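Colleague: Got target-v3.tsv for you, TSV, C-alpha atoms and all ligand atoms:
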chain	number	residue	atom	x	y	z
A	102	MET	CA	0.28	-19.08	-22.30
A	103	ALA	CA	-3.20	-19.63	-20.95
A	104	THR	CA	-5.82	-17.09	-21.93
A	105	LYS	CA	-6.26	-14.43	-19.30
A	106	ARG	CA	-9.57	-13.05	-18.20
A	107	ASP	CA	-10.25	-9.40	-18.78
A	108	TYR	CA	-9.29	-7.40	-15.67
A	109	TYR	CA	-12.64	-5.61	-15.58
A	110	GLU	CA	-14.41	-8.94	-15.78
A	111	VAL	CA	-12.27	-10.28	-12.94
A	112	LEU	CA	-13.36	-7.42	-10.68
A	113	GLY	CA	-16.92	-7.46	-12.06
A	114	LEU	CA	-16.73	-3.82	-13.13
A	115	PRO	CA	-17.79	-1.80	-16.18
A	116	ARG	CA	-14.97	-0.18	-18.16
A	117	ASN	CA	-15.83	3.26	-16.88
A	118	ALA	CA	-15.62	2.24	-13.21
A	119	SER	CA	-14.21	4.93	-10.93
A	120	GLU	CA	-11.06	4.57	-8.81
A	121	ASP	CA	-13.30	4.08	-5.81
A	122	ASP	CA	-15.30	1.35	-7.53
A	123	VAL	CA	-12.06	-0.48	-8.31
A	124	ARG	CA	-10.92	-0.24	-4.71
A	125	ARG	CA	-14.25	-1.34	-3.29
A	126	ALA	CA	-14.59	-4.30	-5.68
A	127	PHE	CA	-11.06	-5.41	-4.87
A	128	ARG	CA	-11.66	-5.19	-1.15
A	129	ARG	CA	-14.84	-7.24	-1.33
A	130	LEU	CA	-13.46	-9.90	-3.68
A	131	ALA	CA	-10.16	-10.13	-1.82
A	132	MET	CA	-12.06	-10.85	1.40
A	133	GLU	CA	-14.19	-13.52	-0.25
A	134	SER	CA	-11.42	-15.34	-2.03
A	135	HIS	CA	-8.62	-14.92	0.49
A	136	PRO	CA	-7.01	-18.36	0.69
A	137	ASP	CA	-7.13	-18.11	4.44
A	138	ARG	CA	-10.81	-17.64	4.73
A	139	ASN	CA	-11.79	-19.73	1.78
A	140	GLY	CA	-10.83	-23.41	1.90
A	141	ASP	CA	-11.52	-23.90	-1.81
A	142	PRO	CA	-8.30	-25.06	-3.54
A	143	GLY	CA	-8.99	-22.69	-6.45
A	144	ALA	CA	-9.11	-19.73	-4.08
A	145	ALA	CA	-5.40	-18.99	-4.18
A	146	GLU	CA	-5.44	-18.81	-7.98
A	147	GLN	CA	-8.52	-16.64	-7.94
A	148	PHE	CA	-6.96	-14.42	-5.35
A	149	LYS	CA	-3.87	-13.93	-7.48
A	150	GLU	CA	-6.03	-13.04	-10.44
A	151	ILE	CA	-7.94	-10.44	-8.43
A	152	ASN	CA	-4.72	-8.98	-7.10
A	153	GLU	CA	-3.25	-8.69	-10.56
A	154	ALA	CA	-6.37	-7.01	-11.94
A	155	TYR	CA	-6.37	-4.58	-9.03
A	156	ARG	CA	-2.75	-3.65	-9.47
A	157	VAL	CA	-3.34	-2.63	-13.04
A	158	LEU	CA	-6.74	-0.98	-12.73
A	159	SER	CA	-5.88	0.98	-9.59
A	160	ASP	CA	-2.90	2.61	-11.28
A	161	ALA	CA	-4.15	5.33	-13.63
A	162	GLU	CA	-1.20	5.00	-15.98
A	163	LYS	CA	-1.22	1.20	-16.18
A	164	ARG	CA	-4.98	1.21	-16.56
A	165	GLN	CA	-4.78	3.55	-19.51
A	166	THR	CA	-2.16	1.37	-21.18
A	167	TYR	CA	-4.24	-1.72	-20.47
A	168	ASP	CA	-7.39	-0.12	-21.88
A	169	ARG	CA	-5.53	0.63	-25.05
A	170	TYR	CA	-3.32	-2.41	-25.57
A	171	GLY	CA	-4.70	-5.19	-23.36
A	172	HIS	CA	-2.81	-7.79	-21.38
A	173	ALA	CA	0.34	-7.87	-23.46
A	174	SER	CA	1.12	-4.30	-22.49
A	175	VAL	CA	1.14	-4.79	-18.76
A	176	ASP	CA	2.29	-8.38	-18.30
A	177	GLY	CA	5.97	-7.60	-18.40
A	178	SER	CA	5.93	-5.18	-15.55
A	179	PHE	CA	4.74	-7.81	-13.11
A	180	ASN	CA	7.50	-10.34	-13.10
A	181	GLY	CA	7.66	-11.48	-9.54
A	182	GLY	CA	5.56	-8.53	-8.53
A	183	PHE	CA	2.79	-10.49	-6.99
A	184	GLY	CA	3.84	-10.99	-3.46
A	185	ALA	CA	0.07	-11.01	-3.23
A	186	GLN	CA	-1.77	-10.15	-0.11
A	187	THR	CA	-1.04	-12.07	3.00
A	188	GLY	CA	0.08	-15.63	2.89
A	189	PHE	CA	2.25	-15.93	-0.14
A	190	SER	CA	5.77	-15.41	0.86
A	191	GLY	CA	7.12	-12.49	-1.07
A	192	PHE	CA	10.41	-11.42	-2.52
A	193	GLY	CA	12.31	-12.89	0.39
A	194	ASP	CA	12.10	-16.34	-1.13
A	195	PHE	CA	14.60	-15.41	-3.78
A	196	GLY	CA	16.46	-12.77	-1.88
A	197	PHE	CA	19.79	-11.34	-2.77
A	198	GLU	CA	21.46	-13.43	-0.11
A	199	ASP	CA	20.36	-16.67	-1.71
A	200	ILE	CA	21.71	-15.59	-5.04
A	201	PHE	CA	24.91	-14.48	-3.41
A	202	ASP	CA	25.23	-17.83	-1.67
A	203	THR	CA	24.65	-19.70	-4.88
A	204	PHE	CA	27.40	-17.89	-6.73
A	205	PHE	CA	29.99	-17.48	-4.05
A	206	GLY	CA	29.28	-20.31	-1.65
A	207	ARG	CA	29.58	-17.90	1.24
A	208	ARG	CA	30.32	-19.46	4.57
A	209	THR	CA	29.52	-18.63	8.14
A	210	ALA	CA	32.19	-18.42	10.80
A	211	THR	CA	31.72	-22.10	11.64
A	212	GLY	CA	32.62	-23.02	8.10
A	213	ARG	CA	29.18	-24.35	7.29
A	214	ARG	CA	27.07	-23.02	4.53
A	215	PRO	CA	23.88	-21.45	5.88
A	216	ARG	CA	20.56	-22.55	4.44
A	217	ALA	CA	19.14	-19.05	4.49
A	218	GLU	CA	20.42	-16.22	6.64
A	219	ARG	CA	16.94	-15.18	7.63
A	220	GLY	CA	13.33	-16.09	7.02
A	221	ALA	CA	11.43	-14.74	4.03
A	222	ASP	CA	9.95	-11.25	4.06
A	223	LEU	CA	6.19	-11.00	3.78
A	224	ARG	CA	4.08	-8.32	2.18
A	225	ALA	CA	0.45	-7.51	2.98
A	226	ASP	CA	-2.00	-4.76	2.13
A	227	LEU	CA	-3.61	-2.64	4.81
A	228	PHE	CA	-6.66	-0.56	3.92
A	229	ILE	CA	-7.46	2.38	6.17
A	230	GLU	CA	-9.88	5.28	6.06
A	231	PHE	CA	-8.95	8.82	5.04
A	232	GLU	CA	-9.38	10.17	8.59
A	233	GLU	CA	-7.34	7.30	10.04
A	234	ALA	CA	-4.44	8.28	7.79
A	235	VAL	CA	-4.64	11.88	8.98
A	236	PHE	CA	-4.90	11.20	12.71
A	237	GLY	CA	-3.19	7.82	12.95
A	238	THR	CA	-4.79	4.61	14.14
A	239	LYS	CA	-4.22	1.15	15.52
A	240	LYS	CA	-5.19	-1.80	13.36
A	241	ASP	CA	-5.48	-5.49	14.03
A	242	VAL	CA	-3.90	-7.42	11.22
A	243	GLU	CA	-4.30	-11.16	10.78
A	244	MET	CA	-1.45	-12.81	8.96
A	245	PRO	CA	-1.13	-16.42	7.92
A	246	ARG	CA	2.49	-17.33	8.37
A	247	HIS	CA	4.81	-19.86	9.95
A	248	GLU	CA	6.11	-19.82	13.48
A	249	PRO	CA	8.85	-21.89	15.05
A	250	CYS	CA	7.38	-25.28	16.09
A	251	GLY	CA	6.52	-25.39	19.80
A	252	THR	CA	7.43	-29.06	20.23
A	253	CYS	CA	11.04	-28.74	19.08
A	254	SER	CA	11.45	-24.96	19.58
A	255	GLY	CA	12.10	-24.70	15.87
A	256	SER	CA	15.06	-27.04	15.70
A	257	GLY	CA	13.17	-29.70	13.74
A	258	LEU	CA	14.60	-32.38	16.06
A	259	GLN	CA	12.68	-34.72	18.32
A	260	PRO	CA	13.19	-33.38	21.85
A	261	GLY	CA	16.22	-35.01	23.46
A	262	THR	CA	17.88	-35.92	20.17
A	263	GLN	CA	20.66	-34.25	18.23
A	264	LEU	CA	21.87	-33.85	14.73
A	265	GLU	CA	24.21	-36.60	13.57
A	266	VAL	CA	27.39	-36.22	11.59
A	267	CYS	CA	26.75	-36.61	7.89
A	268	ARG	CA	28.20	-39.88	6.66
A	269	ARG	CA	28.70	-38.81	3.09
A	270	CYS	CA	30.94	-35.81	3.78
A	271	GLY	CA	32.16	-36.82	7.22
A	272	GLY	CA	30.82	-33.54	8.65
A	273	ASN	CA	32.74	-31.19	6.33
A	274	GLY	CA	29.65	-30.14	4.43
A	275	GLU	CA	31.57	-30.39	1.19
A	276	ILE	CA	32.96	-33.06	-1.06
A	277	ARG	CA	36.41	-32.72	-2.61
A	278	ARG	CA	37.47	-34.47	-5.75
A	279	THR	CA	41.07	-34.22	-6.89
A	280	HIS	CA	42.05	-34.82	-10.48
A	281	GLN	CA	45.20	-34.49	-12.55
A	282	SER	CA	45.47	-32.69	-15.82
A	283	LEU	CA	48.28	-31.48	-18.05
A	284	LEU	CA	48.23	-28.18	-16.25
A	285	GLY	CA	48.53	-29.66	-12.79
A	286	GLN	CA	46.39	-30.91	-10.00
A	287	PHE	CA	42.87	-29.61	-9.61
A	288	VAL	CA	40.63	-29.83	-6.58
A	289	ASN	CA	36.96	-29.72	-7.29
A	290	VAL	CA	34.91	-28.81	-4.22
A	291	SER	CA	31.14	-29.18	-4.15
A	292	ILE	CA	28.56	-28.84	-1.43
A	293	CYS	CA	27.43	-32.16	0.05
A	294	ASP	CA	23.98	-33.01	-1.31
A	295	GLN	CA	23.14	-35.22	1.66
A	296	CYS	CA	23.35	-32.55	4.36
A	297	ARG	CA	23.10	-29.54	2.04
A	298	GLY	CA	26.41	-28.31	3.33
A	299	GLU	CA	25.53	-28.37	6.99
A	300	GLY	CA	27.73	-31.33	7.86
A	301	ARG	CA	25.01	-32.68	10.10
A	302	VAL	CA	21.77	-34.47	9.31
A	303	ASN	CA	18.51	-34.85	11.18
A	304	ARG	CA	17.80	-38.57	11.59
A	305	THR	CA	15.17	-38.00	14.30
A	306	PRO	CA	12.76	-35.40	12.89
A	307	CYS	CA	10.22	-33.79	15.20
A	308	GLY	CA	6.78	-35.41	14.84
A	309	THR	CA	4.86	-32.15	14.94
A	310	CYS	CA	6.64	-30.29	12.15
A	311	ARG	CA	8.20	-33.35	10.43
A	312	GLY	CA	11.62	-31.83	10.86
A	313	GLY	CA	10.81	-28.54	9.17
A	314	GLY	CA	11.03	-26.63	12.46
A	315	ARG	CA	7.97	-24.51	11.74
A	316	VAL	CA	4.20	-24.72	11.75
A	317	GLN	CA	1.47	-22.73	9.99
A	318	VAL	CA	-0.39	-20.25	12.21
A	319	THR	CA	-2.60	-17.22	11.89
A	320	LYS	CA	-0.75	-14.43	13.60
A	321	ARG	CA	-2.62	-11.45	15.02
A	322	LEU	CA	-0.68	-8.22	15.15
A	323	GLU	CA	-1.63	-4.83	16.42
A	324	VAL	CA	-0.14	-2.26	14.06
A	325	ALA	CA	0.29	1.39	14.95
A	326	VAL	CA	-0.34	3.50	11.86
A	327	PRO	CA	1.30	6.92	12.37
A	328	ALA	CA	-0.64	10.15	11.83
A	329	GLY	CA	0.03	11.71	8.44
A	330	ILE	CA	0.79	8.50	6.56
A	331	GLU	CA	0.41	8.65	2.79
A	332	ASP	CA	-1.16	6.21	0.37
A	333	GLY	CA	1.33	3.56	-0.72
A	334	THR	CA	3.63	3.96	2.28
A	335	GLN	CA	5.18	0.73	3.53
A	336	ILE	CA	5.31	-0.01	7.22
A	337	ARG	CA	8.08	-2.44	8.03
A	338	LEU	CA	7.52	-4.71	11.01
A	339	THR	CA	10.92	-6.10	11.83
A	340	GLY	CA	10.95	-9.80	12.58
A	341	GLU	CA	7.27	-10.34	11.75
A	342	GLY	CA	7.97	-12.15	8.48
A	343	GLU	CA	8.59	-15.86	8.08
A	344	PRO	CA	10.88	-17.60	10.56
A	345	PRO	CA	14.02	-19.20	9.12
A	346	GLU	CA	13.73	-22.76	7.88
A	347	THR	CA	14.91	-24.03	11.23
A	348	THR	CA	16.13	-22.07	14.22
A	349	ARG	CA	19.29	-24.17	14.54
A	350	GLY	CA	22.05	-21.64	14.54
A	351	GLY	CA	19.75	-18.87	15.79
A	352	ARG	CA	18.94	-17.28	12.45
A	353	ALA	CA	16.55	-14.33	12.36
A	354	PRO	CA	13.03	-14.20	10.95
A	355	GLY	CA	12.20	-12.01	7.94
A	356	ASP	CA	10.29	-8.75	8.07
A	357	LEU	CA	6.68	-7.95	7.31
A	358	TYR	CA	6.01	-5.07	4.93
A	359	LEU	CA	2.53	-3.60	5.21
A	360	VAL	CA	1.54	-1.49	2.24
A	361	VAL	CA	-0.93	1.12	3.45
A	362	HIS	CA	-3.78	2.08	1.13
A	363	VAL	CA	-5.59	5.36	1.76
A	364	PRO	CA	-8.56	6.68	-0.23
A	365	SER	CA	-7.91	9.92	-2.11
A	366	HIS	CA	-10.69	11.87	-0.39
A	367	THR	CA	-13.46	11.85	2.16
A	368	ILE	CA	-16.92	13.39	2.34
A	369	LEU	CA	-18.04	15.87	5.01
A	370	PRO	CA	-21.72	16.73	5.52
A	371	TRP	CA	-22.50	20.46	5.21
A	372	GLU	CA	-25.85	22.22	5.32
A	373	GLY	CA	-27.72	19.24	3.94
A	374	ASN	CA	-25.12	18.68	1.20
A	375	ASP	CA	-21.86	16.79	0.94
A	376	LEU	CA	-18.49	18.46	0.59
A	377	LEU	CA	-15.39	16.75	-0.68
A	378	VAL	CA	-12.06	16.95	1.15
A	379	ARG	CA	-8.86	16.00	-0.66
A	380	ARG	CA	-5.28	15.82	0.43
A	381	GLN	CA	-2.54	17.91	-1.11
A	382	GLY	CA	0.72	17.09	0.59
A	383	HIS	CA	0.21	18.17	4.16
A	384	ASP	CA	-2.75	20.39	3.33
A	385	LEU	CA	-6.38	19.41	3.11
A	386	VAL	CA	-8.37	21.05	0.34
A	387	LEU	CA	-12.06	21.70	0.76
A	388	ASP	CA	-14.26	23.12	-2.01
A	389	ILE	CA	-17.19	25.13	-0.78
A	390	PRO	CA	-20.06	26.86	-2.63
A	391	LEU	CA	-21.09	30.51	-2.02
A	392	ASN	CA	-24.01	32.33	-3.57
A	393	VAL	CA	-23.41	35.57	-5.46
A	394	ALA	CA	-24.80	37.67	-2.61
A	395	GLN	CA	-22.48	36.09	-0.02
A	396	ALA	CA	-19.50	36.67	-2.29
A	397	SER	CA	-20.48	40.26	-2.99
A	398	LEU	CA	-21.54	41.30	0.50
A	399	GLY	CA	-19.26	39.10	2.56
A	400	ASP	CA	-20.42	36.62	5.21
A	401	GLU	CA	-19.39	34.56	8.19
A	402	ILE	CA	-19.83	30.88	7.46
A	403	GLN	CA	-19.30	27.59	9.27
A	404	VAL	CA	-16.76	25.41	7.53
A	405	PRO	CA	-16.62	21.68	8.29
A	406	THR	CA	-13.21	20.21	9.13
A	407	LEU	CA	-12.23	16.68	10.12
A	408	GLU	CA	-12.48	17.94	13.73
A	409	GLY	CA	-15.80	19.75	13.71
A	410	ALA	CA	-16.89	23.08	12.24
A	411	VAL	CA	-14.87	26.30	12.37
A	412	GLU	CA	-15.94	29.84	11.52
A	413	LEU	CA	-14.61	31.49	8.37
A	414	LYS	CA	-15.00	35.16	7.47
A	415	ILE	CA	-15.71	35.76	3.80
A	416	PRO	CA	-14.79	39.38	2.95
A	417	SER	CA	-17.04	41.35	0.63
A	418	GLY	CA	-16.05	41.18	-3.03
A	419	THR	CA	-14.65	37.65	-2.79
A	420	GLN	CA	-13.80	36.33	-6.26
A	421	TYR	CA	-14.30	32.88	-7.74
A	422	GLY	CA	-11.60	30.37	-6.80
A	423	LYS	CA	-10.28	32.42	-3.88
A	424	SER	CA	-8.60	30.19	-1.32
A	425	PHE	CA	-8.65	30.74	2.43
A	426	ARG	CA	-6.21	29.04	4.77
A	427	ILE	CA	-7.22	27.71	8.16
A	428	LYS	CA	-3.91	27.17	9.93
A	429	GLY	CA	-3.08	23.84	11.50
A	430	LYS	CA	-6.21	21.97	10.41
A	431	GLY	CA	-4.39	19.91	7.79
A	432	VAL	CA	-2.36	16.70	7.91
A	433	PRO	CA	0.40	16.16	10.50
A	434	HIS	CA	3.96	15.79	9.26
A	435	LEU	CA	5.01	12.19	9.96
A	436	GLY	CA	6.44	11.90	13.44
A	437	GLU	CA	5.99	15.61	14.24
A	438	LYS	CA	3.49	17.83	16.01
A	439	ARG	CA	3.51	20.24	13.06
A	440	ARG	CA	0.44	20.14	10.81
A	441	GLY	CA	-0.48	21.47	7.40
A	442	ASP	CA	-3.40	23.79	6.76
A	443	LEU	CA	-6.96	23.45	5.59
A	444	GLN	CA	-7.37	25.28	2.28
A	445	VAL	CA	-10.94	26.39	1.70
A	446	ARG	CA	-11.56	27.13	-1.98
A	447	VAL	CA	-14.73	29.06	-2.70
A	448	HIS	CA	-16.89	28.51	-5.74
A	449	ILE	CA	-19.38	31.21	-6.54
A	450	MET	CA	-22.52	29.56	-7.79
A	451	VAL	CA	-24.57	31.40	-10.37
A	452	PRO	CA	-28.18	30.36	-9.70
A	453	THR	CA	-29.73	28.10	-12.32
A	454	GLU	CA	-33.27	28.51	-11.05
A	455	LEU	CA	-34.82	31.73	-9.75
A	456	ASN	CA	-38.19	32.20	-8.10
A	457	ARG	CA	-40.26	35.25	-8.87
A	458	GLU	CA	-38.88	37.33	-6.00
A	459	GLN	CA	-35.27	36.51	-6.86
A	460	ARG	CA	-35.87	37.25	-10.53
A	461	GLU	CA	-37.24	40.69	-9.66
A	462	LEU	CA	-34.34	41.43	-7.36
A	463	PHE	CA	-31.83	40.42	-10.02
A	464	GLN	CA	-33.60	42.60	-12.57
A	465	LYS	CA	-33.37	45.55	-10.19
A	466	LEU	CA	-29.75	44.73	-9.51
A	467	ASP	CA	-29.02	44.55	-13.23
A	468	ALA	CA	-30.65	47.91	-13.85
A	469	SER	CA	-28.65	49.41	-11.01
A	470	PHE	CA	-25.36	47.95	-12.25
A	471	ARG	CA	-25.93	49.46	-15.68
A	472	LYS	CA	-26.22	52.93	-14.15
A	473	THR	CA	-22.95	52.81	-12.22
A	474	ALA	CA	-19.54	53.05	-13.84
A	475	ASN	CA	-18.55	49.64	-15.09
A	476	SER	CA	-15.59	49.07	-12.82
A	477	ASP	CA	-15.89	45.27	-13.07
A	478	ALA	CA	-15.32	45.37	-16.81
A	479	LYS	CA	-12.29	47.57	-16.22
A	480	SER	CA	-10.78	45.17	-13.71
A	481	LEU	CA	-11.41	42.25	-16.08
A	482	PHE	CA	-9.59	44.18	-18.81
A	483	GLU	CA	-6.60	44.66	-16.50
A	484	LYS	CA	-6.59	40.99	-15.48
A	485	VAL	CA	-6.63	39.69	-19.06
A	486	LYS	CA	-3.92	42.14	-20.06
A	487	GLU	CA	-1.76	40.93	-17.23
A	488	ALA	CA	-2.42	37.26	-18.00
A	489	PHE	CA	-1.36	37.63	-21.63
A	490	GLY	CA	1.43	40.13	-20.94
A	491	VAL	CA	0.09	42.81	-23.31
B	501	ZN	ZN	8.96	-29.46	15.53
B	502	ZN	ZN	27.19	-34.06	4.24
Could you spell out this file's structure in structure tokens?
Modeller:
Amino acid sequence: MATKRDYYEVLGLPRNASEDDVRRAFRRLAMESHPDRNGDPGAAEQFKEINEAYRVLSDAEKRQTYDRYGHASVDGSFNGGFGAQTGFSGFGDFGFEDIFDTFFGRRTATGRRPRAERGADLRADLFIEFEEAVFGTKKDVEMPRHEPCGTCSGSGLQPGTQLEVCRRCGGNGEIRRTHQSLLGQFVNVSICDQCRGEGRVNRTPCGTCRGGGRVQVTKRLEVAVPAGIEDGTQIRLTGEGEPPETTRGGRAPGDLYLVVHVPSHTILPWEGNDLLVRRQGHDLVLDIPLNVAQASLGDEIQVPTLEGAVELKIPSGTQYGKSFRIKGKGVPHLGEKRRGDLQVRVHIMVPTELNREQRELFQKLDASFRKTANSDAKSLFEKVKEAFGV
């Protein structure tokens, strides 16, 4: 086995790179080395390598295993897993139907063995933004794939010509050999190797596609991404995979599976700072800082959402970690009008730097607190008791 490059080296990342770094590096490198954009014959190999590195490093569990045990630990899980990004035909090439045909020699109604029931399925990755996943979007996707040849309409035959009867099998598509044994007469049937079981052969192949019935194109598709889609969801585009080997017999094309990749969070600007919004099922979770005075006295604050700011009332005596729900500002349920909520989690920030005025005020506050009955200590006592069941 050839020596493999370190996955971090492949993506040009340090070992402590964040999930985001991994995603960004993959995106950039995948663009550069995509066999479609890059004519370099080594590009396809490089692209595969990048894809493989990404698959491991973007999966927390696999990455951990890789960090600990290296290539040997993760190789096994990838057998046939690299449908790769666009262009390489995916699992459809060795589909169940082919295997079935091989073992059972299944036949169509006409008695001829089909080459392949349908064209190969394709798989491609689609990267969208956090907000696009929440609200839905339309994306233009460019796919290298085959299409039925325009000259022969996919038949593979020169226009005006027809398939001819196979001379070897006389049009049966199979060859029978009879032999005698002690146990009786046996008939051995095998598929004709000349016509591959079709019974007909193409002696006048189309000049454009050389008889293959298909040509390489770059297909542009507009894909509707539904609101509320989750990271890793596959969108199946029926009939947008590879066409069958030839369209003789009217066989269907394969499907295209788009794997949608969504970042785990987005950033919203807020009072000169950035706030982080994450997704939790159909809810969005926003962490927001409050100062001790706001939490003690209560306040009305502006909270950023993906659709502009909304007002939120903070009651007096709000405790650390308290969560407020803003109804209907979360993620839509797929295919429904219903939406989750926005959970606003407050963090009460103890100041790390005080100016003179603030220091004096806190000193006064401290002195005042010491005079009043220590109800906070009492409520802490109750809380701890409850937590430990004593
Ligand atoms: Zn053709
Ligand atoms: Zn034949």
Colleague: Quote the spacing between atom CA of Ile151 of chain A and atom CA of Arg246 of chain A in Å to one decimal place.
Modeller: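 Atom-to-atom, atom CA of Ile151 of chain A to atom CA of Arg246 of chain A, that is 20.9 Å.
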Colleague: Report as a list of chain:residue names which protein, DNA and RNA residues come within 8 Å of ligand ZN 502 (chain B), using only C-alpha atoms and all ligand atoms.
Modeller: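 Listed by chain and ascending number, the contacts are A:Val266, A:Cys267, A:Arg268, A:Arg269, A:Cys270, A:Gly271, A:Gly272, A:Asn273, A:Gly274, A:Glu275, A:Ile276, A:Ile292, A:Cys293, A:Asp294, A:Gln295, A:Cys296, A:Arg297, A:Gly298, A:Glu299, A:Gly300, A:Arg301, A:Val302.
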Colleague: What is the atom CA of Val123 of chain A to atom CA of His362 of chain A distance in Å?
Modeller: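 One can read the atom CA of Val123 of chain A to atom CA of His362 of chain A distance as 12.8 Å.
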Colleague: Mind running chain A against ligand ZN 501 (chain B) at 6 Å and telling me each contacting residue's nearest atom pair with the distance in Å (one decimal), counting all atoms listed in the file, chain and number ascending, as CSV?
Modeller:
residue,atom,partner,partner_atom,distance
A:Cys250,CA,B:ZN501,ZN,4.5
A:Thr252,CA,B:ZN501,ZN,5.0
A:Cys253,CA,B:ZN501,ZN,4.2
A:Gly255,CA,B:ZN501,ZN,5.7
A:Gly257,CA,B:ZN501,ZN,4.6
A:Cys307,CA,B:ZN501,ZN,4.5
A:Thr309,CA,B:ZN501,ZN,4.9
A:Cys310,CA,B:ZN501,ZN,4.2
A:Gly312,CA,B:ZN501,ZN,5.9
A:Gly314,CA,B:ZN501,ZN,4.7
Colleague: In Å, how far is it from atom CA of Val447 of chain A to atom CA of Arg426 of chain A?
Modeller: 11.3 Å
Colleague: Determine, counting all atoms listed in the file, which protein, DNA and RNA residues have an atom within 12 Å of an atom of Tyr108 of chain A; residues of the same chain fewer than 2 positions away are not included. Present the result as an NGL selection string.
Modeller: :A and (105-106 or 110-116 or 118 or 123 or 126-127 or 149-159 or 163-164 or 167-168 or 171-172 or 175-176)
Colleague: Leu443 of chain A: which residues within 6 Å, counting only C-alpha atoms, same-chain residues fewer than 2 positions away excluded, as a ChimeraX atom specification?
Modeller: /A:384-386,426-427,430-431
Colleague: Which residue out of A:Arg446, A:Arg219, A:Arg460, A:Arg169 has the minimum interatomic distance to Leu377 of chain A when all atoms listed in the file are used?
Modeller: A:Arg446
Colleague: Choose the residue, out of A:Gly340, A:Gly143, A:Pro364, A:Pro260, that has the smallest atom-to-atom separation from Leu227 of chain A; count all atoms listed in the file.
Modeller: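 Using all atoms listed in the file, the shortest distance to Leu227 of chain A belongs to A:Pro364.
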Colleague: Quick one: of A:Thr367, A:Gln335, A:Asn392, A:Ser480, who's nearest to Leu407 of chain A, counting only C-alpha atoms?
Modeller: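 Going through A:Thr367, A:Gln335, A:Asn392, A:Ser480 one by one, the smallest distance to Leu407 of chain A is for A:Thr367.
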Colleague: Excluding segment 318-326 of chain A and its own-chain neighbours fewer than 3 positions away, which residues fall within 6 Å of it when counting all atoms listed in the file? Please give them as JSON, numbers by chain.
Modeller: {"A": [237, 238, 239, 240, 241, 242, 243, 244, 245, 246, 247]}
Colleague: Select, from A:Pro345, A:Gly429, A:Pro452, A:Pro354, the residue with the minimum atom-to-atom distance to Leu391 of chain A, counting only C-alpha atoms.
Modeller: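 Checking each candidate against Leu391 of chain A, we get A:Pro452 as the closest.
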Colleague: Around all the atoms of segment 441-452 of chain A listed in the file, draw an axis-aligned box and extend it by 5 Å on each of the six sides; I want its centre and edge lengths in Å to one decimal, as lines of an AutoDock Vina configuration file.
Modeller:
center_x = -14.3
center_y = 26.4
center_z = -1.5
size_x = 37.7
size_y = 19.9
size_z = 27.8
Colleague: Closest to Glu408 of chain A among A:Glu232, A:Glu162, A:Asp121, A:Glu461, using only C-alpha atoms?
Modeller: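 So, comparing all the options, the nearest one is A:Glu232.
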Colleague: Using only C-alpha atoms, can you tell me which of A:Arg352, A:Arg125, A:His366, A:His448 comes closest to Gln395 of chain A?
Modeller: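 When distances to Gln395 of chain A are compared using only C-alpha atoms, the smallest one comes from A:His448.
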Colleague: Scan for residues within 6 Å of the point (-8.0, 3.2, 7.7) in the coordinates of the file, using only C-alpha atoms, and reply as number ranges by chain.
Modeller: A: 228-230, 233
